[in-house]
$ cat structure18.pdb   # PDB, C-alpha atoms
MODEL        1
ATOM      1  CA  MET H   1     -23.934  17.425   0.573  1.00  0.00           C
ATOM      2  CA  HIS H   2     -22.249  15.205   3.159  1.00  0.00           C
ATOM      3  CA  THR H   3     -21.904  16.615   6.660  1.00  0.00           C
ATOM      4  CA  ALA H   4     -20.026  13.646   8.130  1.00  0.00           C
ATOM      5  CA  PRO H   5     -16.307  14.163   8.783  1.00  0.00           C
ATOM      6  CA  VAL H   6     -13.957  12.464   6.306  1.00  0.00           C
ATOM      7  CA  ARG H   7     -12.488   9.272   7.731  1.00  0.00           C
ATOM      8  CA  LEU H   8     -11.866   7.357   4.512  1.00  0.00           C
ATOM      9  CA  ILE H   9     -10.136   8.600   1.349  1.00  0.00           C
ATOM     10  CA  THR H  10      -9.982   6.666  -1.912  1.00  0.00           C
ATOM     11  CA  VAL H  11      -7.409   7.584  -4.541  1.00  0.00           C
ATOM     12  CA  SER H  12      -8.008   6.551  -8.150  1.00  0.00           C
ATOM     13  CA  ARG H  13      -5.110   7.293 -10.480  1.00  0.00           C
ATOM     14  CA  GLU H  14      -3.918   7.215 -14.030  1.00  0.00           C
ATOM     15  CA  PHE H  15      -0.675   5.279 -14.335  1.00  0.00           C
ATOM     16  CA  GLY H  16       2.239   7.656 -13.862  1.00  0.00           C
ATOM     17  CA  ALA H  17       0.116  10.522 -12.514  1.00  0.00           C
ATOM     18  CA  GLY H  18       1.528  10.155  -8.998  1.00  0.00           C
ATOM     19  CA  GLY H  19      -1.482   8.738  -7.174  1.00  0.00           C
ATOM     20  CA  SER H  20       0.594   6.601  -4.822  1.00  0.00           C
ATOM     21  CA  GLU H  21       2.911   9.527  -4.091  1.00  0.00           C
ATOM     22  CA  LEU H  22      -0.087  11.725  -3.315  1.00  0.00           C
ATOM     23  CA  ALA H  23      -1.543   9.081  -1.002  1.00  0.00           C
ATOM     24  CA  ARG H  24       1.757   8.799   0.891  1.00  0.00           C
ATOM     25  CA  ALA H  25       2.116  12.576   1.210  1.00  0.00           C
ATOM     26  CA  LEU H  26      -1.481  12.855   2.370  1.00  0.00           C
ATOM     27  CA  GLY H  27      -1.008  10.040   4.860  1.00  0.00           C
ATOM     28  CA  GLU H  28       1.966  11.866   6.338  1.00  0.00           C
ATOM     29  CA  ARG H  29       0.050  15.140   6.611  1.00  0.00           C
ATOM     30  CA  LEU H  30      -2.997  13.568   8.246  1.00  0.00           C
ATOM     31  CA  ALA H  31      -1.086  10.844  10.129  1.00  0.00           C
ATOM     32  CA  TRP H  32      -3.392   8.261   8.494  1.00  0.00           C
ATOM     33  CA  PRO H  33      -2.416   4.769   7.315  1.00  0.00           C
ATOM     34  CA  VAL H  34      -2.251   4.169   3.565  1.00  0.00           C
ATOM     35  CA  LEU H  35      -3.348   0.915   1.924  1.00  0.00           C
ATOM     36  CA  ASP H  36      -1.584   0.698  -1.433  1.00  0.00           C
ATOM     37  CA  GLN H  37       1.185  -1.698  -2.442  1.00  0.00           C
ATOM     38  CA  ASP H  38       0.648  -3.788   0.677  1.00  0.00           C
ATOM     39  CA  ILE H  39      -2.756  -4.824  -0.709  1.00  0.00           C
ATOM     40  CA  VAL H  40      -0.875  -7.375  -2.825  1.00  0.00           C
ATOM     41  CA  GLN H  41       0.872  -8.860   0.201  1.00  0.00           C
ATOM     42  CA  ARG H  42      -2.359  -8.998   2.198  1.00  0.00           C
ATOM     43  CA  VAL H  43      -4.162 -10.797  -0.615  1.00  0.00           C
ATOM     44  CA  ALA H  44      -1.220 -13.189  -1.023  1.00  0.00           C
ATOM     45  CA  THR H  45      -1.282 -13.990   2.696  1.00  0.00           C
ATOM     46  CA  ARG H  46      -5.033 -14.486   2.662  1.00  0.00           C
ATOM     47  CA  MET H  47      -4.881 -16.871  -0.293  1.00  0.00           C
ATOM     48  CA  GLN H  48      -1.569 -18.491   0.652  1.00  0.00           C
ATOM     49  CA  LEU H  49       0.009 -17.343  -2.576  1.00  0.00           C
ATOM     50  CA  ASP H  50       3.349 -15.860  -3.471  1.00  0.00           C
ATOM     51  CA  ALA H  51       3.054 -12.043  -3.642  1.00  0.00           C
ATOM     52  CA  GLY H  52       4.592 -12.085  -7.128  1.00  0.00           C
ATOM     53  CA  THR H  53       1.761 -14.284  -8.338  1.00  0.00           C
ATOM     54  CA  VAL H  54      -0.877 -11.895  -6.993  1.00  0.00           C
ATOM     55  CA  GLU H  55       0.922  -8.895  -8.453  1.00  0.00           C
ATOM     56  CA  ARG H  56       0.641 -10.359 -11.964  1.00  0.00           C
ATOM     57  CA  PHE H  57      -3.154 -10.393 -11.538  1.00  0.00           C
ATOM     58  CA  ASP H  58      -3.495  -7.123  -9.613  1.00  0.00           C
ATOM     59  CA  GLU H  59      -5.909  -4.662 -11.306  1.00  0.00           C
ATOM     60  CA  HIS H  60      -5.613  -6.519 -14.610  1.00  0.00           C
ATOM     61  CA  PRO H  61      -8.559  -7.950 -16.543  1.00  0.00           C
ATOM     62  CA  PRO H  62      -8.705 -11.686 -17.201  1.00  0.00           C
ATOM     63  CA  SER H  63      -7.350 -13.136 -20.391  1.00  0.00           C
ATOM     64  CA  LEU H  64      -7.327 -16.593 -21.900  1.00  0.00           C
ATOM     65  CA  LEU H  65      -3.608 -17.006 -21.270  1.00  0.00           C
ATOM     66  CA  ALA H  66      -3.970 -15.906 -17.655  1.00  0.00           C
ATOM     67  CA  ARG H  67      -6.788 -18.374 -17.085  1.00  0.00           C
ATOM     68  CA  ILE H  68      -4.772 -21.335 -18.281  1.00  0.00           C
ATOM     69  CA  ALA H  69      -1.370 -20.243 -16.966  1.00  0.00           C
ATOM     70  CA  THR H  70       0.210 -22.308 -14.220  1.00  0.00           C
ATOM     71  CA  VAL H  71       1.603 -20.334 -11.275  1.00  0.00           C
ATOM     72  CA  LEU H  72       3.555 -21.248  -8.184  1.00  0.00           C
ATOM     73  CA  ILE H  73       1.623 -21.529  -4.942  1.00  0.00           C
ATOM     74  CA  VAL H  74       3.657 -20.898  -1.808  1.00  0.00           C
ATOM     75  CA  PRO H  75       1.896 -22.088   1.374  1.00  0.00           C
ATOM     76  CA  GLN H  76       5.106 -21.542   3.367  1.00  0.00           C
ATOM     77  CA  PRO H  77       8.120 -19.286   2.634  1.00  0.00           C
ATOM     78  CA  ASP H  78      10.451 -22.232   2.025  1.00  0.00           C
ATOM     79  CA  SER H  79       8.008 -24.587   0.327  1.00  0.00           C
ATOM     80  CA  TYR H  80       7.266 -24.430  -3.399  1.00  0.00           C
ATOM     81  CA  SER H  81       4.867 -26.715  -5.240  1.00  0.00           C
ATOM     82  CA  PHE H  82       2.999 -26.781  -8.517  1.00  0.00           C
ATOM     83  CA  PRO H  83      -0.787 -26.497  -8.065  1.00  0.00           C
ATOM     84  CA  THR H  84      -3.440 -28.694  -9.557  1.00  0.00           C
ATOM     85  CA  ALA H  85      -5.729 -27.146 -12.179  1.00  0.00           C
ATOM     86  CA  SER H  86      -8.392 -26.450  -9.543  1.00  0.00           C
ATOM     87  CA  GLU H  87      -5.872 -24.504  -7.419  1.00  0.00           C
ATOM     88  CA  VAL H  88      -4.742 -22.101 -10.123  1.00  0.00           C
ATOM     89  CA  PRO H  89      -6.073 -18.658  -9.160  1.00  0.00           C
ATOM     90  CA  ASP H  90      -7.832 -16.576 -11.781  1.00  0.00           C
ATOM     91  CA  HIS H  91      -8.492 -12.848 -11.958  1.00  0.00           C
ATOM     92  CA  ASP H  92     -12.016 -13.163 -10.557  1.00  0.00           C
ATOM     93  CA  THR H  93     -10.770 -15.016  -7.487  1.00  0.00           C
ATOM     94  CA  ILE H  94      -8.009 -12.472  -6.917  1.00  0.00           C
ATOM     95  CA  ALA H  95     -10.472  -9.587  -7.396  1.00  0.00           C
ATOM     96  CA  ARG H  96     -12.882 -11.035  -4.827  1.00  0.00           C
ATOM     97  CA  ALA H  97     -10.086 -11.555  -2.330  1.00  0.00           C
ATOM     98  CA  THR H  98      -8.822  -8.016  -2.959  1.00  0.00           C
ATOM     99  CA  ARG H  99     -12.238  -6.551  -2.248  1.00  0.00           C
ATOM    100  CA  ARG H 100     -12.508  -8.495   1.004  1.00  0.00           C
ATOM    101  CA  VAL H 101      -9.060  -7.293   2.077  1.00  0.00           C
ATOM    102  CA  ILE H 102     -10.023  -3.663   1.397  1.00  0.00           C
ATOM    103  CA  GLU H 103     -13.373  -3.967   3.160  1.00  0.00           C
ATOM    104  CA  GLU H 104     -11.736  -5.546   6.187  1.00  0.00           C
ATOM    105  CA  ALA H 105      -9.098  -2.819   6.321  1.00  0.00           C
ATOM    106  CA  ALA H 106     -11.829  -0.163   6.255  1.00  0.00           C
ATOM    107  CA  THR H 107     -13.397  -1.517   9.451  1.00  0.00           C
ATOM    108  CA  THR H 108     -10.662   0.477  11.190  1.00  0.00           C
ATOM    109  CA  LEU H 109     -10.621   4.154  10.277  1.00  0.00           C
ATOM    110  CA  PRO H 110      -9.132   6.558   9.312  1.00  0.00           C
ATOM    111  CA  LEU H 111      -7.695   5.059   6.146  1.00  0.00           C
ATOM    112  CA  ILE H 112      -6.482   6.021   2.667  1.00  0.00           C
ATOM    113  CA  VAL H 113      -6.988   3.368  -0.047  1.00  0.00           C
ATOM    114  CA  VAL H 114      -5.293   3.533  -3.451  1.00  0.00           C
ATOM    115  CA  GLY H 115      -6.959   2.020  -6.518  1.00  0.00           C
ATOM    116  CA  HIS H 116      -8.751  -1.343  -6.813  1.00  0.00           C
ATOM    117  CA  GLY H 117     -12.193   0.216  -7.287  1.00  0.00           C
ATOM    118  CA  ALA H 118     -12.312   1.541  -3.732  1.00  0.00           C
ATOM    119  CA  GLN H 119     -14.334   4.532  -4.929  1.00  0.00           C
ATOM    120  CA  CYS H 120     -17.058   2.053  -5.900  1.00  0.00           C
ATOM    121  CA  ILE H 121     -16.711  -0.211  -2.869  1.00  0.00           C
ATOM    122  CA  PHE H 122     -17.223   2.796  -0.583  1.00  0.00           C
ATOM    123  CA  GLY H 123     -19.293   4.918  -2.931  1.00  0.00           C
ATOM    124  CA  GLU H 124     -22.215   5.194  -0.499  1.00  0.00           C
ATOM    125  CA  ARG H 125     -20.159   5.819   2.627  1.00  0.00           C
ATOM    126  CA  PRO H 126     -20.872   9.383   3.864  1.00  0.00           C
ATOM    127  CA  GLU H 127     -17.486   9.587   5.587  1.00  0.00           C
ATOM    128  CA  ALA H 128     -15.601   8.823   2.343  1.00  0.00           C
ATOM    129  CA  LEU H 129     -13.843  11.324   0.085  1.00  0.00           C
ATOM    130  CA  HIS H 130     -13.100  10.109  -3.440  1.00  0.00           C
ATOM    131  CA  VAL H 131     -10.102  11.619  -5.227  1.00  0.00           C
ATOM    132  CA  ARG H 132      -8.972  11.038  -8.814  1.00  0.00           C
ATOM    133  CA  VAL H 133      -5.414  11.837  -9.902  1.00  0.00           C
ATOM    134  CA  VAL H 134      -4.739  12.546 -13.586  1.00  0.00           C
ATOM    135  CA  ALA H 135      -2.033  14.138 -15.721  1.00  0.00           C
ATOM    136  CA  PRO H 136      -1.292  14.675 -19.416  1.00  0.00           C
ATOM    137  CA  LEU H 137       0.225  11.614 -21.055  1.00  0.00           C
ATOM    138  CA  SER H 138       3.458  13.494 -21.775  1.00  0.00           C
ATOM    139  CA  ALA H 139       3.902  14.328 -18.081  1.00  0.00           C
ATOM    140  CA  ARG H 140       3.159  10.745 -17.084  1.00  0.00           C
ATOM    141  CA  VAL H 141       5.678   9.413 -19.597  1.00  0.00           C
ATOM    142  CA  ARG H 142       8.386  11.661 -18.118  1.00  0.00           C
ATOM    143  CA  LEU H 143       7.644  10.402 -14.622  1.00  0.00           C
ATOM    144  CA  ILE H 144       7.630   6.747 -15.715  1.00  0.00           C
ATOM    145  CA  VAL H 145      10.944   7.194 -17.548  1.00  0.00           C
ATOM    146  CA  ALA H 146      12.521   8.731 -14.440  1.00  0.00           C
ATOM    147  CA  ARG H 147      11.045   6.172 -12.066  1.00  0.00           C
ATOM    148  CA  MET H 148      11.548   2.983 -14.077  1.00  0.00           C
ATOM    149  CA  ARG H 149      14.527   4.009 -16.227  1.00  0.00           C
ATOM    150  CA  VAL H 150      12.898   2.925 -19.478  1.00  0.00           C
ATOM    151  CA  ASP H 151      12.766   4.680 -22.833  1.00  0.00           C
ATOM    152  CA  PRO H 152       9.850   7.052 -23.568  1.00  0.00           C
ATOM    153  CA  THR H 153       8.238   4.770 -26.166  1.00  0.00           C
ATOM    154  CA  PHE H 154       8.061   1.880 -23.726  1.00  0.00           C
ATOM    155  CA  ALA H 155       6.874   4.228 -20.965  1.00  0.00           C
ATOM    156  CA  MET H 156       4.003   5.391 -23.163  1.00  0.00           C
ATOM    157  CA  THR H 157       3.066   1.779 -23.899  1.00  0.00           C
ATOM    158  CA  LEU H 158       3.051   0.995 -20.164  1.00  0.00           C
ATOM    159  CA  ALA H 159       0.850   3.996 -19.376  1.00  0.00           C
ATOM    160  CA  ARG H 160      -1.708   3.198 -22.062  1.00  0.00           C
ATOM    161  CA  ARG H 161      -1.790  -0.490 -21.189  1.00  0.00           C
ATOM    162  CA  ALA H 162      -2.211   0.183 -17.466  1.00  0.00           C
ATOM    163  CA  ASP H 163      -4.996   2.703 -18.099  1.00  0.00           C
ATOM    164  CA  HIS H 164      -6.773   0.223 -20.363  1.00  0.00           C
ATOM    165  CA  ASP H 165      -6.435  -2.553 -17.786  1.00  0.00           C
ATOM    166  CA  ARG H 166      -7.795  -0.393 -14.972  1.00  0.00           C
ATOM    167  CA  GLN H 167     -10.736   0.720 -17.080  1.00  0.00           C
ATOM    168  CA  THR H 168     -11.499  -2.904 -17.985  1.00  0.00           C
ATOM    169  CA  TYR H 169     -11.131  -3.946 -14.337  1.00  0.00           C
ATOM    170  CA  MET H 170     -13.648  -1.296 -13.258  1.00  0.00           C
ATOM    171  CA  GLN H 171     -16.125  -2.288 -15.955  1.00  0.00           C
ATOM    172  CA  ARG H 172     -15.870  -5.995 -15.173  1.00  0.00           C
ATOM    173  CA  TYR H 173     -16.058  -5.873 -11.386  1.00  0.00           C
ATOM    174  CA  PHE H 174     -18.017  -2.674 -10.701  1.00  0.00           C
ATOM    175  CA  HIS H 175     -19.854  -1.970 -13.990  1.00  0.00           C
ATOM    176  CA  GLN H 176     -18.570   1.582 -13.928  1.00  0.00           C
ATOM    177  CA  ASP H 177     -16.656   3.854 -16.276  1.00  0.00           C
ATOM    178  CA  TRP H 178     -13.331   4.506 -14.529  1.00  0.00           C
ATOM    179  CA  ARG H 179     -13.236   8.031 -15.994  1.00  0.00           C
ATOM    180  CA  ASN H 180     -16.721   9.055 -14.853  1.00  0.00           C
ATOM    181  CA  GLU H 181     -16.152  12.349 -13.036  1.00  0.00           C
ATOM    182  CA  LEU H 182     -19.362  11.919 -11.029  1.00  0.00           C
ATOM    183  CA  MET H 183     -17.775   9.099  -9.026  1.00  0.00           C
ATOM    184  CA  TYR H 184     -15.261  11.527  -7.530  1.00  0.00           C
ATOM    185  CA  ASP H 185     -15.436  14.460  -5.157  1.00  0.00           C
ATOM    186  CA  LEU H 186     -12.170  15.935  -6.358  1.00  0.00           C
ATOM    187  CA  GLN H 187     -10.021  15.527  -9.487  1.00  0.00           C
ATOM    188  CA  ILE H 188      -6.413  16.702  -9.405  1.00  0.00           C
ATOM    189  CA  ASN H 189      -4.173  17.257 -12.429  1.00  0.00           C
ATOM    190  CA  THR H 190      -0.610  16.651 -11.248  1.00  0.00           C
ATOM    191  CA  GLY H 191       0.616  17.983 -14.561  1.00  0.00           C
ATOM    192  CA  ARG H 192      -0.404  21.410 -13.257  1.00  0.00           C
ATOM    193  CA  MET H 193      -0.164  20.947  -9.494  1.00  0.00           C
ATOM    194  CA  SER H 194       2.662  19.509  -7.432  1.00  0.00           C
ATOM    195  CA  ILE H 195       2.136  16.462  -5.236  1.00  0.00           C
ATOM    196  CA  ALA H 196       2.830  18.591  -2.161  1.00  0.00           C
ATOM    197  CA  ASP H 197       0.199  21.175  -3.138  1.00  0.00           C
ATOM    198  CA  ALA H 198      -2.278  18.426  -4.027  1.00  0.00           C
ATOM    199  CA  ALA H 199      -1.780  16.767  -0.641  1.00  0.00           C
ATOM    200  CA  GLU H 200      -2.296  20.120   1.076  1.00  0.00           C
ATOM    201  CA  LEU H 201      -5.483  20.690  -0.930  1.00  0.00           C
ATOM    202  CA  VAL H 202      -6.996  17.330   0.000  1.00  0.00           C
ATOM    203  CA  ALA H 203      -5.942  17.728   3.642  1.00  0.00           C
ATOM    204  CA  ASP H 204      -7.676  21.120   3.669  1.00  0.00           C
ATOM    205  CA  VAL H 205     -10.881  19.519   2.361  1.00  0.00           C
ATOM    206  CA  VAL H 206     -10.687  16.957   5.172  1.00  0.00           C
ATOM    207  CA  LYS H 207     -10.230  19.706   7.765  1.00  0.00           C
ATOM    208  CA  ARG H 208     -13.110  21.749   6.344  1.00  0.00           C
ATOM    209  CA  ARG H 209     -15.421  18.722   6.391  1.00  0.00           C
ATOM    210  CA  GLU H 210     -14.444  18.163  10.023  1.00  0.00           C
ATOM    211  CA  LEU H 211     -15.375  21.768  10.799  1.00  0.00           C
ATOM    212  CA  VAL H 212     -18.686  21.532   8.942  1.00  0.00           C
ATOM    213  CA  ALA H 213     -19.526  18.291  10.747  1.00  0.00           C
ATOM    214  CA  THR H 214     -18.741  19.848  14.120  1.00  0.00           C
ATOM    215  CA  GLU H 215     -20.861  22.906  13.357  1.00  0.00           C
ATOM    216  CA  HIS H 216     -23.726  20.734  12.119  1.00  0.00           C
ATOM    217  CA  LEU H 217     -23.619  18.601  15.260  1.00  0.00           C
ATOM    218  CA  SER H 218     -23.541  21.720  17.410  1.00  0.00           C
ATOM    219  CA  SER H 219     -26.556  23.208  15.642  1.00  0.00           C
ATOM    220  CA  GLN H 220     -28.469  19.951  16.087  1.00  0.00           C
ATOM    221  CA  SER H 221     -27.643  19.842  19.787  1.00  0.00           C
ATOM    222  CA  ASN H 222     -28.357  23.535  20.356  1.00  0.00           C
ATOM    223  CA  PRO H 223     -31.191  24.634  18.027  1.00  0.00           C
ATOM    224  CA  ALA H 224     -31.768  28.363  17.655  1.00  0.00           C
ATOM    225  CA  PRO H 225     -34.534  29.646  19.974  1.00  0.00           C
ATOM    226  CA  SER H 226     -37.856  30.369  18.321  1.00  0.00           C
ATOM    227  CA  ASP H 227     -39.372  33.850  18.452  1.00  0.00           C
TER     228      ASP H 227
ENDMDL
END
$ encode --input "structure18.pdb" --output "structure tokens"
Amino acid sequence: MHTAPVRLITVSREFGAGGSELARALGERLAWPVLDQDIVQRVATRMQLDAGTVERFDEHPPSLLARIATVLIVPQPDSYSFPTASEVPDHDTIARATRRVIEEAATTLPLIVVGHGAQCIFGERPEALHVRVVAPLSARVRLIVARMRVDPTFAMTLARRADHDRQTYMQRYFHQDWRNELMYDLQINTGRMSIADAAELVADVVKRRELVATEHLSSQSNPAPSD
């Protein structure tokens, strides 16, 4: 059992389960920064790539077409050029850069990180709390339809494809099963719990860990007198 206060929260999520929404709500409650969609921009800046290029690779496994595809490299906002074969980024290069961006961000805590295998990157950190957000496929399809304004059949295809890609990403870069419950401290089903209640639950865990850590430190500093 960890006695260190929580200073780092990772949020793993099924597509359409509301993981990003939970992270934002939790960030507001705790007044902590959230690293989510801006990971793409940070990686793009680091690699001098257009953010759209990075987004096409983000949390997706490599494929033959992706490896041979030509993409635009944008060293400056108003300068576009076609790269040579050696300059074309692949998924492995993007994944390595993404990990470095996340690790660098975590040098300043507190922080909430969404996705990208953060639960594995920080799996041994005693101050980390690892949360997984899931929901029934039917509930996720409804959310995707409302958010993206697509038909339910296409929404279901998106959800299944994204889940498959994230599982493959985890296996390739971290050699872990994305659905392994033992990687997480807390799993939340947003099909049965609202985002607001889920954020309150996680915030309460953070507060309780803070209390336990304070009590543990106090007991270490002031041991009970012996008889």
$ atom_distance --input "structure18.pdb" --atom1 "atom CA of Leu109 of chain H" --atom2 "atom CA of Arg96 of chain H"
21.5 Å
$ residues_around --input "structure18.pdb" --residues "Thr10 of chain H" --least-positions-apart "6" --cutoff "7 Å" --atoms "only C-alpha atoms" --output "number ranges by chain"
H: 112-114, 118-119, 129-131
$ closest_residue --input "structure18.pdb" --among "H:Pro126, H:Asp38, H:Asp92, H:Gly16" --to "Asp185 of chain H" --atoms "all atoms listed in the file"
H:Pro126
$ atom_distance --input "structure18.pdb" --atom1 "atom CA of Ile121 of chain H" --atom2 "atom CA of Ala44 of chain H"
20.3 Å
$ atom_distance --input "structure18.pdb" --atom1 "atom CA of Thr93 of chain H" --atom2 "atom CA of Gly27 of chain H"
29.6 Å
$ closest_residue --input "structure18.pdb" --among "H:Ile144, H:Val212, H:Leu186, H:Leu201" --to "Leu26 of chain H" --atoms "only C-alpha atoms"
H:Leu201
$ build_atoms --input "structure18.pdb" --residues "segment 191-219 of chain H" --atoms "N, CA and C atoms" --output "PDB file, in the frame of the given file"
ATOM      1  N   GLY H 191      -0.164  17.320 -13.541  1.00  0.00           N
ATOM      2  CA  GLY H 191       0.616  17.983 -14.561  1.00  0.00           C
ATOM      3  C   GLY H 191       0.642  19.487 -14.344  1.00  0.00           C
ATOM      4  N   ARG H 192      -0.305  19.981 -13.533  1.00  0.00           N
ATOM      5  CA  ARG H 192      -0.404  21.410 -13.257  1.00  0.00           C
ATOM      6  C   ARG H 192      -0.260  21.741 -11.766  1.00  0.00           C
ATOM      7  N   MET H 193      -0.271  20.729 -10.937  1.00  0.00           N
ATOM      8  CA  MET H 193      -0.164  20.947  -9.494  1.00  0.00           C
ATOM      9  C   MET H 193       0.820  19.944  -8.913  1.00  0.00           C
ATOM     10  N   SER H 194       1.684  20.400  -8.038  1.00  0.00           N
ATOM     11  CA  SER H 194       2.662  19.509  -7.432  1.00  0.00           C
ATOM     12  C   SER H 194       1.985  18.540  -6.467  1.00  0.00           C
ATOM     13  N   ILE H 195       2.662  17.435  -6.188  1.00  0.00           N
ATOM     14  CA  ILE H 195       2.136  16.462  -5.236  1.00  0.00           C
ATOM     15  C   ILE H 195       1.960  17.111  -3.870  1.00  0.00           C
ATOM     16  N   ALA H 196       2.915  17.933  -3.465  1.00  0.00           N
ATOM     17  CA  ALA H 196       2.830  18.591  -2.161  1.00  0.00           C
ATOM     18  C   ALA H 196       1.608  19.498  -2.075  1.00  0.00           C
ATOM     19  N   ASP H 197       1.370  20.283  -3.135  1.00  0.00           N
ATOM     20  CA  ASP H 197       0.199  21.175  -3.138  1.00  0.00           C
ATOM     21  C   ASP H 197      -1.093  20.370  -3.188  1.00  0.00           C
ATOM     22  N   ALA H 198      -1.084  19.266  -3.949  1.00  0.00           N
ATOM     23  CA  ALA H 198      -2.278  18.426  -4.027  1.00  0.00           C
ATOM     24  C   ALA H 198      -2.599  17.811  -2.676  1.00  0.00           C
ATOM     25  N   ALA H 199      -1.567  17.340  -1.968  1.00  0.00           N
ATOM     26  CA  ALA H 199      -1.780  16.767  -0.641  1.00  0.00           C
ATOM     27  C   ALA H 199      -2.331  17.822   0.317  1.00  0.00           C
ATOM     28  N   GLU H 200      -1.809  19.036   0.223  1.00  0.00           N
ATOM     29  CA  GLU H 200      -2.296  20.120   1.076  1.00  0.00           C
ATOM     30  C   GLU H 200      -3.754  20.441   0.764  1.00  0.00           C
ATOM     31  N   LEU H 201      -4.106  20.415  -0.519  1.00  0.00           N
ATOM     32  CA  LEU H 201      -5.483  20.690  -0.930  1.00  0.00           C
ATOM     33  C   LEU H 201      -6.443  19.656  -0.361  1.00  0.00           C
ATOM     34  N   VAL H 202      -6.115  18.384  -0.502  1.00  0.00           N
ATOM     35  CA  VAL H 202      -6.996  17.330   0.000  1.00  0.00           C
ATOM     36  C   VAL H 202      -7.075  17.392   1.517  1.00  0.00           C
ATOM     37  N   ALA H 203      -5.943  17.616   2.178  1.00  0.00           N
ATOM     38  CA  ALA H 203      -5.942  17.728   3.642  1.00  0.00           C
ATOM     39  C   ALA H 203      -6.833  18.872   4.092  1.00  0.00           C
ATOM     40  N   ASP H 204      -6.829  19.977   3.326  1.00  0.00           N
ATOM     41  CA  ASP H 204      -7.676  21.120   3.669  1.00  0.00           C
ATOM     42  C   ASP H 204      -9.153  20.760   3.536  1.00  0.00           C
ATOM     43  N   VAL H 205      -9.499  19.971   2.511  1.00  0.00           N
ATOM     44  CA  VAL H 205     -10.881  19.519   2.361  1.00  0.00           C
ATOM     45  C   VAL H 205     -11.293  18.677   3.565  1.00  0.00           C
ATOM     46  N   VAL H 206     -10.401  17.801   4.004  1.00  0.00           N
ATOM     47  CA  VAL H 206     -10.687  16.957   5.172  1.00  0.00           C
ATOM     48  C   VAL H 206     -10.923  17.823   6.409  1.00  0.00           C
ATOM     49  N   LYS H 207     -10.088  18.822   6.600  1.00  0.00           N
ATOM     50  CA  LYS H 207     -10.230  19.706   7.765  1.00  0.00           C
ATOM     51  C   LYS H 207     -11.529  20.507   7.693  1.00  0.00           C
ATOM     52  N   ARG H 208     -11.878  20.968   6.499  1.00  0.00           N
ATOM     53  CA  ARG H 208     -13.110  21.749   6.344  1.00  0.00           C
ATOM     54  C   ARG H 208     -14.343  20.875   6.604  1.00  0.00           C
ATOM     55  N   ARG H 209     -14.305  19.633   6.129  1.00  0.00           N
ATOM     56  CA  ARG H 209     -15.421  18.722   6.391  1.00  0.00           C
ATOM     57  C   ARG H 209     -15.556  18.455   7.890  1.00  0.00           C
ATOM     58  N   GLU H 210     -14.427  18.356   8.575  1.00  0.00           N
ATOM     59  CA  GLU H 210     -14.444  18.163  10.023  1.00  0.00           C
ATOM     60  C   GLU H 210     -15.110  19.355  10.699  1.00  0.00           C
ATOM     61  N   LEU H 211     -14.793  20.554  10.236  1.00  0.00           N
ATOM     62  CA  LEU H 211     -15.375  21.768  10.799  1.00  0.00           C
ATOM     63  C   LEU H 211     -16.868  21.828  10.524  1.00  0.00           C
ATOM     64  N   VAL H 212     -17.268  21.523   9.297  1.00  0.00           N
ATOM     65  CA  VAL H 212     -18.686  21.532   8.942  1.00  0.00           C
ATOM     66  C   VAL H 212     -19.452  20.513   9.776  1.00  0.00           C
ATOM     67  N   ALA H 213     -18.868  19.331   9.954  1.00  0.00           N
ATOM     68  CA  ALA H 213     -19.526  18.291  10.747  1.00  0.00           C
ATOM     69  C   ALA H 213     -19.692  18.724  12.189  1.00  0.00           C
ATOM     70  N   THR H 214     -18.675  19.373  12.735  1.00  0.00           N
ATOM     71  CA  THR H 214     -18.741  19.848  14.120  1.00  0.00           C
ATOM     72  C   THR H 214     -19.809  20.920  14.272  1.00  0.00           C
ATOM     73  N   GLU H 215     -19.860  21.839  13.313  1.00  0.00           N
ATOM     74  CA  GLU H 215     -20.861  22.906  13.357  1.00  0.00           C
ATOM     75  C   GLU H 215     -22.268  22.343  13.203  1.00  0.00           C
ATOM     76  N   HIS H 216     -22.409  21.353  12.319  1.00  0.00           N
ATOM     77  CA  HIS H 216     -23.726  20.734  12.119  1.00  0.00           C
ATOM     78  C   HIS H 216     -24.183  20.029  13.384  1.00  0.00           C
ATOM     79  N   LEU H 217     -23.278  19.307  14.028  1.00  0.00           N
ATOM     80  CA  LEU H 217     -23.619  18.601  15.260  1.00  0.00           C
ATOM     81  C   LEU H 217     -23.987  19.586  16.355  1.00  0.00           C
ATOM     82  N   SER H 218     -23.259  20.704  16.398  1.00  0.00           N
ATOM     83  CA  SER H 218     -23.541  21.720  17.410  1.00  0.00           C
ATOM     84  C   SER H 218     -24.910  22.352  17.199  1.00  0.00           C
ATOM     85  N   SER H 219     -25.253  22.599  15.924  1.00  0.00           N
ATOM     86  CA  SER H 219     -26.556  23.208  15.642  1.00  0.00           C
ATOM     87  C   SER H 219     -27.701  22.252  15.951  1.00  0.00           C
TER      88      SER H 219
END
